[in-house]
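Dumped query-v3.cif below, it's mmCIF, C-alpha atoms:
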data_protein
#
loop_
_atom_site.label_atom_id
_atom_site.label_comp_id
_atom_site.auth_asym_id
_atom_site.auth_seq_id
_atom_site.Cartn_x
_atom_site.Cartn_y
_atom_site.Cartn_z
CA MET A 201 0.00 0.00 0.00
CA PRO A 202 1.27 3.52 -0.76
CA GLN A 203 2.55 5.97 1.80
CA LEU A 204 0.72 9.25 2.27
CA SER A 205 3.67 11.06 0.68
CA GLU A 206 3.21 9.00 -2.52
CA LEU A 207 -0.49 9.86 -2.63
CA CYS A 208 0.33 13.53 -2.20
CA ASN A 209 2.63 13.27 -5.23
CA ILE A 210 -0.09 11.58 -7.30
CA LEU A 211 -2.62 14.21 -6.27
CA ASN A 212 -0.15 16.93 -7.24
CA GLU A 213 0.16 15.34 -10.69
CA ILE A 214 -3.62 15.45 -11.13
CA ALA A 215 -4.13 18.86 -9.51
CA PRO A 216 -0.82 20.77 -9.40
CA LEU A 217 -0.56 22.92 -6.30
CA GLU A 218 1.20 25.61 -8.35
CA LEU A 219 -2.13 26.24 -10.11
CA ALA A 220 -3.91 27.16 -6.87
CA GLU A 221 -4.93 30.75 -6.21
CA ASP A 222 -2.66 32.74 -3.88
CA TRP A 223 -5.37 32.99 -1.22
CA ASP A 224 -6.05 29.26 -1.20
CA ASN A 225 -4.90 26.69 1.37
CA VAL A 226 -4.17 23.54 -0.58
CA GLY A 227 -2.22 20.32 -0.19
CA LEU A 228 -1.79 18.16 2.89
CA LEU A 229 -3.57 19.83 5.81
CA ILE A 230 -3.45 17.04 8.40
CA GLY A 231 -1.33 13.91 8.45
CA ASP A 232 1.98 12.08 8.73
CA ARG A 233 3.55 11.69 5.27
CA ASP A 234 5.24 8.41 6.28
CA VAL A 235 2.00 6.59 7.15
CA ASP A 236 0.71 3.85 4.85
CA ILE A 237 -2.75 4.44 3.37
CA ASP A 238 -4.90 1.59 2.02
CA SER A 239 -8.17 3.47 1.48
CA ALA A 240 -9.32 7.05 0.98
CA LEU A 241 -12.54 9.02 0.66
CA THR A 242 -13.26 12.01 -1.59
CA CYS A 243 -15.80 14.74 -0.86
CA LEU A 244 -16.64 18.29 -1.82
CA THR A 245 -16.74 19.60 1.75
CA LEU A 246 -15.49 17.90 4.91
CA THR A 247 -18.35 17.82 7.42
CA HIS A 248 -18.92 15.80 10.58
CA ASP A 249 -21.04 13.36 8.57
CA VAL A 250 -18.26 12.79 6.05
CA ALA A 251 -15.66 12.45 8.82
CA ASP A 252 -17.80 9.83 10.58
CA GLU A 253 -18.21 7.98 7.27
CA ALA A 254 -14.45 7.94 6.71
CA ILE A 255 -13.70 6.76 10.23
CA ALA A 256 -16.36 4.03 10.09
CA SER A 257 -15.00 2.75 6.77
CA GLY A 258 -11.40 2.75 7.98
CA ALA A 259 -10.23 5.33 5.44
CA GLY A 260 -6.85 6.78 6.30
CA LEU A 261 -7.23 9.85 4.08
CA ILE A 262 -10.00 12.28 3.22
CA ILE A 263 -9.54 14.29 0.02
CA THR A 264 -11.83 17.28 0.41
CA HIS A 265 -12.11 19.78 -2.42
CA HIS A 266 -12.83 22.67 -0.05
CA PRO A 267 -10.04 23.14 2.51
CA LEU A 268 -11.05 22.52 6.10
CA LEU A 269 -8.55 25.11 7.27
CA PHE A 270 -8.82 28.50 5.56
CA ARG A 271 -7.84 30.83 8.39
CA ALA A 272 -5.02 30.56 10.89
CA VAL A 273 -6.07 28.39 13.84
CA GLN A 274 -5.17 30.01 17.15
CA LYS A 275 -6.98 27.50 19.35
CA LEU A 276 -7.80 23.85 18.82
CA THR A 277 -10.52 23.00 21.32
CA SER A 278 -13.93 21.36 21.42
CA ASP A 279 -15.56 24.78 21.87
CA THR A 280 -16.25 25.12 18.12
CA SER A 281 -17.64 22.78 15.47
CA GLU A 282 -14.43 23.10 13.45
CA GLY A 283 -12.35 22.34 16.53
CA ARG A 284 -14.38 19.23 17.34
CA LEU A 285 -14.05 18.06 13.75
CA LEU A 286 -10.28 18.54 13.72
CA LEU A 287 -9.86 16.78 17.06
CA LYS A 288 -12.01 13.88 15.85
CA LEU A 289 -9.87 13.44 12.73
CA ILE A 290 -6.57 13.72 14.58
CA GLU A 291 -7.69 11.23 17.23
CA ALA A 292 -8.73 8.76 14.51
CA LYS A 293 -5.46 9.38 12.63
CA VAL A 294 -7.26 10.38 9.43
CA ALA A 295 -5.20 12.56 7.10
CA VAL A 296 -6.78 15.43 5.15
CA TYR A 297 -5.76 16.75 1.73
CA ALA A 298 -7.38 19.59 -0.26
CA PRO A 299 -6.66 20.20 -3.98
CA HIS A 300 -9.29 22.99 -4.40
CA THR A 301 -8.39 25.63 -7.00
CA GLY A 302 -5.47 23.52 -8.21
CA TYR A 303 -8.05 20.92 -9.27
CA ASP A 304 -10.35 23.60 -10.71
CA SER A 305 -7.61 24.77 -13.08
CA ALA A 306 -5.85 21.48 -13.90
CA ALA A 307 -5.69 20.07 -17.43
CA LEU A 308 -8.12 17.31 -16.39
CA GLY A 309 -9.70 19.35 -13.62
CA ILE A 310 -13.25 20.40 -12.87
CA ASN A 311 -13.63 23.13 -15.49
CA ALA A 312 -12.16 20.88 -18.18
CA GLN A 313 -14.61 18.16 -17.15
CA ILE A 314 -17.55 20.56 -17.42
CA ALA A 315 -16.41 21.56 -20.91
CA GLU A 316 -16.24 17.89 -21.87
CA ARG A 317 -19.71 17.23 -20.45
CA LEU A 318 -21.10 20.07 -22.54
CA GLY A 319 -19.37 18.73 -25.65
CA LEU A 320 -17.47 21.96 -26.32
CA ASN A 321 -14.91 22.19 -29.11
CA GLU A 322 -11.75 24.31 -29.40
CA VAL A 323 -11.56 24.50 -25.61
CA GLN A 324 -9.13 27.05 -24.17
CA VAL A 325 -8.31 28.47 -20.76
CA LEU A 326 -10.59 31.33 -19.76
CA LYS A 327 -7.92 33.18 -17.76
CA PRO A 328 -4.30 32.00 -18.12
CA ILE A 329 -2.10 31.83 -15.06
CA GLU A 330 0.88 34.16 -15.56
CA SER A 331 3.45 31.65 -14.34
CA ILE A 332 2.16 28.93 -16.69
CA ASN A 333 2.88 28.58 -20.42
CA ASN A 334 0.10 30.28 -22.41
CA GLU A 335 -0.14 27.17 -24.63
CA SER A 336 -0.83 24.98 -21.60
CA GLN A 337 -4.23 23.42 -20.99
CA GLN A 338 -3.97 24.54 -17.39
CA GLY A 339 -5.45 27.74 -16.02
CA ALA A 340 -8.58 29.31 -14.55
CA GLY A 341 -11.90 28.49 -16.19
CA ARG A 342 -12.55 27.26 -19.71
CA CYS A 343 -14.06 28.59 -22.92
CA GLY A 344 -15.23 26.57 -25.89
CA ASP A 345 -17.59 26.44 -28.85
CA MET A 346 -20.75 24.44 -29.38
CA ALA A 347 -20.76 22.17 -32.43
CA LYS A 348 -23.46 24.42 -33.87
CA PRO A 349 -25.38 27.49 -32.69
CA THR A 350 -28.15 26.57 -30.25
CA GLU A 351 -31.15 28.54 -29.01
CA PHE A 352 -30.67 29.64 -25.42
CA SER A 353 -33.82 27.83 -24.23
CA ASP A 354 -32.57 24.57 -25.75
CA PHE A 355 -29.13 25.11 -24.25
CA LEU A 356 -30.71 25.58 -20.81
CA LYS A 357 -32.58 22.30 -21.16
CA ALA A 358 -29.39 20.54 -22.19
CA VAL A 359 -27.54 21.89 -19.15
CA GLN A 360 -30.37 20.76 -16.88
CA SER A 361 -30.25 17.29 -18.38
CA ILE A 362 -26.47 16.95 -18.23
CA PHE A 363 -26.25 18.04 -14.60
CA GLN A 364 -29.57 16.48 -13.56
CA VAL A 365 -31.06 19.60 -11.99
CA ASP A 366 -34.70 20.68 -12.05
CA HIS A 367 -34.08 24.38 -11.44
CA LEU A 368 -31.50 26.85 -12.75
CA GLU A 369 -31.06 30.55 -12.07
CA TYR A 370 -30.12 32.40 -15.23
CA VAL A 371 -29.87 35.72 -17.05
CA GLU A 372 -30.94 35.64 -20.68
CA PRO A 373 -28.35 36.72 -23.26
CA LEU A 374 -28.95 39.63 -25.59
CA LYS A 375 -28.96 37.31 -28.60
CA ASP A 376 -30.82 34.02 -28.50
CA SER A 377 -28.16 31.99 -30.31
CA VAL A 378 -25.49 30.32 -28.15
CA ARG A 379 -22.20 29.32 -29.76
CA ARG A 380 -19.36 30.18 -27.38
CA VAL A 381 -19.58 29.18 -23.71
CA GLY A 382 -17.43 30.29 -20.76
CA ILE A 383 -17.09 28.12 -17.64
CA ALA A 384 -15.81 28.64 -14.11
CA CYS A 385 -16.92 26.23 -11.38
CA GLY A 386 -17.80 27.14 -7.81
CA SER A 387 -18.24 30.78 -6.84
CA ALA A 388 -16.57 32.48 -9.78
CA GLY A 389 -18.53 35.49 -10.95
CA GLU A 390 -15.29 37.45 -11.17
CA PHE A 391 -14.51 35.61 -14.41
CA LEU A 392 -17.53 37.10 -16.21
CA ARG A 393 -15.36 39.84 -17.72
CA ASP A 394 -12.84 37.28 -18.94
CA ALA A 395 -15.70 35.45 -20.66
CA ALA A 396 -16.76 38.75 -22.24
CA LYS A 397 -13.22 39.36 -23.56
CA LEU A 398 -13.36 35.99 -25.32
CA ASN A 399 -16.76 36.82 -26.85
CA CYS A 400 -18.67 34.17 -24.92
CA ASP A 401 -22.42 34.17 -25.47
CA VAL A 402 -23.05 32.45 -22.14
CA PHE A 403 -21.08 32.16 -18.91
CA ILE A 404 -21.69 29.22 -16.56
CA THR A 405 -20.65 29.20 -12.91
CA GLY A 406 -21.89 27.77 -9.63
CA GLU A 407 -22.94 30.93 -7.85
CA THR A 408 -22.22 34.64 -7.90
CA ARG A 409 -23.17 38.02 -6.47
CA PHE A 410 -26.41 39.73 -7.48
CA HIS A 411 -24.48 42.61 -9.04
CA THR A 412 -22.64 40.19 -11.30
CA ALA A 413 -26.02 39.12 -12.67
CA LEU A 414 -26.80 42.77 -13.37
CA GLU A 415 -23.45 43.18 -15.10
CA ALA A 416 -24.14 40.12 -17.26
CA ARG A 417 -27.46 41.62 -18.32
CA ASP A 418 -25.80 44.95 -19.14
CA ARG A 419 -23.13 43.19 -21.20
CA GLY A 420 -25.70 41.05 -23.00
CA ILE A 421 -24.05 37.81 -21.85
CA GLY A 422 -26.19 34.91 -20.72
CA LEU A 423 -25.45 33.76 -17.17
CA ILE A 424 -26.31 30.31 -15.82
CA LEU A 425 -25.89 29.43 -12.14
CA LEU A 426 -25.60 25.68 -11.66
CA GLY A 427 -25.31 25.94 -7.89
CA HIS A 428 -21.98 25.60 -6.10
CA TYR A 429 -22.53 21.95 -5.16
CA THR A 430 -23.72 20.89 -8.61
CA SER A 431 -20.85 22.60 -10.39
CA GLU A 432 -18.18 20.70 -8.44
CA ARG A 433 -19.43 17.62 -6.58
CA PHE A 434 -19.49 15.33 -9.64
CA ALA A 435 -15.75 15.87 -10.07
CA MET A 436 -15.02 14.25 -6.72
CA GLU A 437 -16.39 11.03 -8.20
CA SER A 438 -14.02 11.55 -11.15
CA LEU A 439 -11.10 12.17 -8.80
CA ALA A 440 -11.77 8.89 -6.97
CA MET A 441 -11.70 7.06 -10.30
CA MET A 442 -8.44 8.73 -11.37
CA LEU A 443 -6.76 7.81 -8.09
CA ASN A 444 -7.90 4.19 -8.34
CA GLU A 445 -6.41 4.00 -11.83
CA LYS A 446 -3.08 5.45 -10.69
CA SER A 447 -2.65 3.26 -7.59
CA GLU A 448 -3.85 -0.34 -7.80
CA SER A 449 -3.15 -1.01 -4.11
CA LEU A 450 -5.37 1.88 -2.99
CA ILE A 451 -9.16 1.86 -2.71
CA VAL A 452 -10.72 5.30 -3.18
CA THR A 453 -14.45 5.99 -3.00
CA ALA A 454 -16.52 9.16 -3.13
CA SER A 455 -18.58 9.98 -0.06
CA GLN A 456 -22.00 8.35 -0.01
CA VAL A 457 -23.42 10.56 2.74
CA GLU A 458 -22.58 13.99 1.30
CA ARG A 459 -25.61 15.93 0.14
CA ASN A 460 -26.37 19.40 -1.19
CA PRO A 461 -27.59 21.34 1.88
CA LEU A 462 -29.77 23.63 -0.26
CA ARG A 463 -33.40 22.81 -1.06
CA TRP A 464 -35.93 24.46 -3.37
CA ALA A 465 -39.62 24.89 -2.56
#
Target format C-alpha cells, applied to this file:
Amino acid sequence: MPQLSELCNILNEIAPLELAEDWDNVGLLIGDRDVDIDSALTCLTLTHDVADEAIASGAGLIITHHPLLFRAVQKLTSDTSEGRLLLKLIEAKVAVYAPHTGYDSAALGINAQIAERLGLNEVQVLKPIESINNESQQGAGRCGDMAKPTEFSDFLKAVQSIFQVDHLEYVEPLKDSVRRVGIACGSAGEFLRDAAKLNCDVFITGETRFHTALEARDRGIGLILLGHYTSERFAMESLAMMLNEKSESLIVTASQVERNPLRWA
C-alpha cells in the first residue's frame, strides 16, 4: 500500500498545487507523510457526517475539495464545530488533503470536465495563469464552442439534463443563439469579464453576487448558475476514479453521505 507522501505526489500530478490561487490553502492539511494508506474518501466539503463515514469505513485519508482550514487556527478545542471536527480526525489518525483551486484549473480538472460534459470544441483556458505557459491546458476556467449554434432555451434544457437539476437561475443573453460558452466552477462570478473578452455568449458558474447578474445583463451575456454543489461535486467522483487508476493497491471511493444542503420549494 502507498505511503501518504506518494499519494500527495499523485494528487499533485492530477491537480498541481502551483495552479492554486494565492489565497487558497491547498495540499496536505493534516497527516503524517510516512504513514501507509490503504483506502481514501473524496468529498466536496469535509463535514462531521463525512468524517464519521471515513472513520467508520477505515479510510486513512479524506480528500476534500474545499479546505477545512482557511484561516489561521489560534486555538484547537472542542468549543467550536471546526475544533471538534479537527480533534475527531486527529484522534482517529485520518489525514486530510485539499486540492481545491489547483483541481479547478488542472488540465483534467473540474472546469475541463464541465467543458467535456457540454461537448465543447476548441476548448481554451478562460484566464491564463501568468506563471504557466500560455499554450498549456492549465489555467482558470474554460471557454469553448458548441458544435453548432443553439437557441438559449434549448441550451438551458441541455444543461439541466447533463447536470440532472430541475431548477436553474439564469440571465438571458442579448442574442438568443449560443455558440461560445465560458465556464468557471464554484463561486466564480469574477470571471464574467474574462468570458466577455473571449466573446462568450453564455457564462456558466456555480454561484455569484447579485451585481454580477446585473453586469451580465448589461453586457448582454447569458449567465447560468448551476449551484456551487452541482458545479463541483461530480468531479469528486471523477477524482476517486483517477486515483484508483493510478494506484492499484489503494481503494478510493466518493462519499455516499454527502448531500447538497440547499433545497428548493
Problem set entry | Option closest in space to Trp464 (chain A), from A:Met346, A:Met441, A:Leu368, A:Val452 [counting all atoms listed in the file] |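 Of all the options, A:Leu368 lies closest to Trp464 (chain A).
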Selection in question (the file shown): the PyMOL selection byres ((chain A and resi 251) around 9). Which residues does it include, as a JSON list (two decimals) with C-alpha atoms, keeping the file's coordinate frame?
[["chain", "number", "residue", "atom", "x", "y", "z"],
["A", 246, "LEU", "CA", -15.49, 17.90, 4.91],
["A", 247, "THR", "CA", -18.35, 17.82, 7.42],
["A", 248, "HIS", "CA", -18.92, 15.80, 10.58],
["A", 249, "ASP", "CA", -21.04, 13.36, 8.57],
["A", 250, "VAL", "CA", -18.26, 12.79, 6.05],
["A", 252, "ASP", "CA", -17.80, 9.83, 10.58],
["A", 253, "GLU", "CA", -18.21, 7.98, 7.27],
["A", 254, "ALA", "CA", -14.45, 7.94, 6.71],
["A", 255, "ILE", "CA", -13.70, 6.76, 10.23],
["A", 256, "ALA", "CA", -16.36, 4.03, 10.09],
["A", 262, "ILE", "CA", -10.00, 12.28, 3.22],
["A", 285, "LEU", "CA", -14.05, 18.06, 13.75],
["A", 288, "LYS", "CA", -12.01, 13.88, 15.85],
["A", 289, "LEU", "CA", -9.87, 13.44, 12.73],
["A", 294, "VAL", "CA", -7.26, 10.38, 9.43]]
Exercise. Which residues fall under the PyMOL selection byres ((chain A and resi 343) around 10) in this file, as a list in words?
Worked result: Asn311, Ala312, Ala315, Leu320, Asn321, Glu322, Val323, Gln324, Val325, Leu326, Lys327, Gly341, Arg342, Gly344, Asp345, Arg380, Val381, Gly382, Ile383, Ala384, Asp394, Ala395, Leu398, Asn399, Cys400, Val402, Phe403 and Ile404 of chain A
For this session: Would you kindly return, as a PyMOL selection string, each protein, DNA or RNA residue with an atom no farther than 8 Å from any atom of Asp304 (chain A), considering all atoms listed in the file and excluding same-chain residues fewer than 4 positions away?
Result: chain A and resi 215+300+309-311+340-341+385
Dump as a CSV table (one decimal), keeping the file's coordinate frame, selection limited to C-alpha atoms:
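Listed below is the output, again_8.csv:
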chain,number,residue,atom,x,y,z
A,215,ALA,CA,-4.1,18.9,-9.5
A,300,HIS,CA,-9.3,23.0,-4.4
A,309,GLY,CA,-9.7,19.4,-13.6
A,310,ILE,CA,-13.2,20.4,-12.9
A,311,ASN,CA,-13.6,23.1,-15.5
A,340,ALA,CA,-8.6,29.3,-14.6
A,341,GLY,CA,-11.9,28.5,-16.2
A,385,CYS,CA,-16.9,26.2,-11.4
Give as a PDB file with C-alpha atoms, in the frame of the given file the residues that the PyMOL selection byres ((chain A and resi 375) around 9) matches when applied to the coordinates above.
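Final file, expr.pdb:
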ATOM      1  CA  PHE A 352     -30.670  29.640 -25.420  1.00  0.00           C
ATOM      2  CA  GLU A 372     -30.940  35.640 -20.680  1.00  0.00           C
ATOM      3  CA  PRO A 373     -28.350  36.720 -23.260  1.00  0.00           C
ATOM      4  CA  LEU A 374     -28.950  39.630 -25.590  1.00  0.00           C
ATOM      5  CA  ASP A 376     -30.820  34.020 -28.500  1.00  0.00           C
ATOM      6  CA  SER A 377     -28.160  31.990 -30.310  1.00  0.00           C
ATOM      7  CA  VAL A 378     -25.490  30.320 -28.150  1.00  0.00           C
ATOM      8  CA  ASP A 401     -22.420  34.170 -25.470  1.00  0.00           C
ATOM      9  CA  GLY A 420     -25.700  41.050 -23.000  1.00  0.00           C
ATOM     10  CA  ILE A 421     -24.050  37.810 -21.850  1.00  0.00           C
ATOM     11  CA  GLY A 422     -26.190  34.910 -20.720  1.00  0.00           C
TER      12      GLY A 422
END
Exercise. Expressed in Å to a single decimal, how great is the separation between CA of Cys208 (chain A) and CA of Gln313 (chain A)?
Worked result: 21.6 Å
Exercise. So which residues touch Ile290 (chain A) within 12 Å, counting all atoms listed in the file, skipping near sequence neighbours fewer than 2 positions away, as number ranges by chain?
Worked result: A: 229-232, 251, 255, 260-262, 276, 283-288, 292-296
Extract region 229-305 of chain A from the structure I just pasted (atoms: C-alpha atoms) and return it as a PDB file, in the first residue's frame.
ATOM      1  CA  LEU A 229      -3.571  19.832   5.806  1.00  0.00           C
ATOM      2  CA  ILE A 230      -3.449  17.042   8.395  1.00  0.00           C
ATOM      3  CA  GLY A 231      -1.331  13.911   8.452  1.00  0.00           C
ATOM      4  CA  ASP A 232       1.977  12.079   8.730  1.00  0.00           C
ATOM      5  CA  ARG A 233       3.547  11.690   5.274  1.00  0.00           C
ATOM      6  CA  ASP A 234       5.244   8.413   6.281  1.00  0.00           C
ATOM      7  CA  VAL A 235       2.002   6.594   7.153  1.00  0.00           C
ATOM      8  CA  ASP A 236       0.711   3.845   4.846  1.00  0.00           C
ATOM      9  CA  ILE A 237      -2.749   4.438   3.368  1.00  0.00           C
ATOM     10  CA  ASP A 238      -4.903   1.592   2.022  1.00  0.00           C
ATOM     11  CA  SER A 239      -8.168   3.467   1.476  1.00  0.00           C
ATOM     12  CA  ALA A 240      -9.321   7.048   0.980  1.00  0.00           C
ATOM     13  CA  LEU A 241     -12.538   9.017   0.661  1.00  0.00           C
ATOM     14  CA  THR A 242     -13.257  12.008  -1.591  1.00  0.00           C
ATOM     15  CA  CYS A 243     -15.803  14.736  -0.864  1.00  0.00           C
ATOM     16  CA  LEU A 244     -16.637  18.292  -1.819  1.00  0.00           C
ATOM     17  CA  THR A 245     -16.736  19.600   1.753  1.00  0.00           C
ATOM     18  CA  LEU A 246     -15.494  17.902   4.905  1.00  0.00           C
ATOM     19  CA  THR A 247     -18.353  17.825   7.419  1.00  0.00           C
ATOM     20  CA  HIS A 248     -18.921  15.804  10.585  1.00  0.00           C
ATOM     21  CA  ASP A 249     -21.042  13.358   8.571  1.00  0.00           C
ATOM     22  CA  VAL A 250     -18.259  12.791   6.051  1.00  0.00           C
ATOM     23  CA  ALA A 251     -15.662  12.445   8.815  1.00  0.00           C
ATOM     24  CA  ASP A 252     -17.799   9.833  10.576  1.00  0.00           C
ATOM     25  CA  GLU A 253     -18.211   7.975   7.271  1.00  0.00           C
ATOM     26  CA  ALA A 254     -14.445   7.936   6.706  1.00  0.00           C
ATOM     27  CA  ILE A 255     -13.698   6.760  10.232  1.00  0.00           C
ATOM     28  CA  ALA A 256     -16.357   4.027  10.088  1.00  0.00           C
ATOM     29  CA  SER A 257     -15.000   2.747   6.766  1.00  0.00           C
ATOM     30  CA  GLY A 258     -11.403   2.753   7.976  1.00  0.00           C
ATOM     31  CA  ALA A 259     -10.231   5.326   5.442  1.00  0.00           C
ATOM     32  CA  GLY A 260      -6.850   6.784   6.296  1.00  0.00           C
ATOM     33  CA  LEU A 261      -7.231   9.845   4.081  1.00  0.00           C
ATOM     34  CA  ILE A 262     -10.004  12.277   3.216  1.00  0.00           C
ATOM     35  CA  ILE A 263      -9.545  14.285   0.022  1.00  0.00           C
ATOM     36  CA  THR A 264     -11.829  17.280   0.406  1.00  0.00           C
ATOM     37  CA  HIS A 265     -12.108  19.782  -2.415  1.00  0.00           C
ATOM     38  CA  HIS A 266     -12.825  22.666  -0.051  1.00  0.00           C
ATOM     39  CA  PRO A 267     -10.043  23.144   2.513  1.00  0.00           C
ATOM     40  CA  LEU A 268     -11.050  22.520   6.102  1.00  0.00           C
ATOM     41  CA  LEU A 269      -8.553  25.114   7.274  1.00  0.00           C
ATOM     42  CA  PHE A 270      -8.816  28.500   5.563  1.00  0.00           C
ATOM     43  CA  ARG A 271      -7.845  30.833   8.391  1.00  0.00           C
ATOM     44  CA  ALA A 272      -5.020  30.559  10.891  1.00  0.00           C
ATOM     45  CA  VAL A 273      -6.072  28.388  13.835  1.00  0.00           C
ATOM     46  CA  GLN A 274      -5.174  30.012  17.146  1.00  0.00           C
ATOM     47  CA  LYS A 275      -6.977  27.502  19.355  1.00  0.00           C
ATOM     48  CA  LEU A 276      -7.797  23.846  18.820  1.00  0.00           C
ATOM     49  CA  THR A 277     -10.517  22.995  21.325  1.00  0.00           C
ATOM     50  CA  SER A 278     -13.929  21.360  21.417  1.00  0.00           C
ATOM     51  CA  ASP A 279     -15.556  24.782  21.867  1.00  0.00           C
ATOM     52  CA  THR A 280     -16.251  25.117  18.122  1.00  0.00           C
ATOM     53  CA  SER A 281     -17.636  22.783  15.473  1.00  0.00           C
ATOM     54  CA  GLU A 282     -14.429  23.099  13.452  1.00  0.00           C
ATOM     55  CA  GLY A 283     -12.346  22.340  16.531  1.00  0.00           C
ATOM     56  CA  ARG A 284     -14.377  19.230  17.340  1.00  0.00           C
ATOM     57  CA  LEU A 285     -14.049  18.059  13.748  1.00  0.00           C
ATOM     58  CA  LEU A 286     -10.276  18.537  13.715  1.00  0.00           C
ATOM     59  CA  LEU A 287      -9.855  16.781  17.059  1.00  0.00           C
ATOM     60  CA  LYS A 288     -12.006  13.883  15.845  1.00  0.00           C
ATOM     61  CA  LEU A 289      -9.869  13.436  12.730  1.00  0.00           C
ATOM     62  CA  ILE A 290      -6.568  13.725  14.579  1.00  0.00           C
ATOM     63  CA  GLU A 291      -7.689  11.229  17.232  1.00  0.00           C
ATOM     64  CA  ALA A 292      -8.731   8.761  14.514  1.00  0.00           C
ATOM     65  CA  LYS A 293      -5.458   9.382  12.628  1.00  0.00           C
ATOM     66  CA  VAL A 294      -7.260  10.378   9.434  1.00  0.00           C
ATOM     67  CA  ALA A 295      -5.202  12.563   7.101  1.00  0.00           C
ATOM     68  CA  VAL A 296      -6.784  15.430   5.150  1.00  0.00           C
ATOM     69  CA  TYR A 297      -5.760  16.752   1.726  1.00  0.00           C
ATOM     70  CA  ALA A 298      -7.384  19.589  -0.258  1.00  0.00           C
ATOM     71  CA  PRO A 299      -6.665  20.203  -3.982  1.00  0.00           C
ATOM     72  CA  HIS A 300      -9.287  22.987  -4.396  1.00  0.00           C
ATOM     73  CA  THR A 301      -8.390  25.633  -6.998  1.00  0.00           C
ATOM     74  CA  GLY A 302      -5.470  23.518  -8.206  1.00  0.00           C
ATOM     75  CA  TYR A 303      -8.046  20.925  -9.273  1.00  0.00           C
ATOM     76  CA  ASP A 304     -10.349  23.600 -10.706  1.00  0.00           C
ATOM     77  CA  SER A 305      -7.607  24.766 -13.080  1.00  0.00           C
TER      78      SER A 305
END
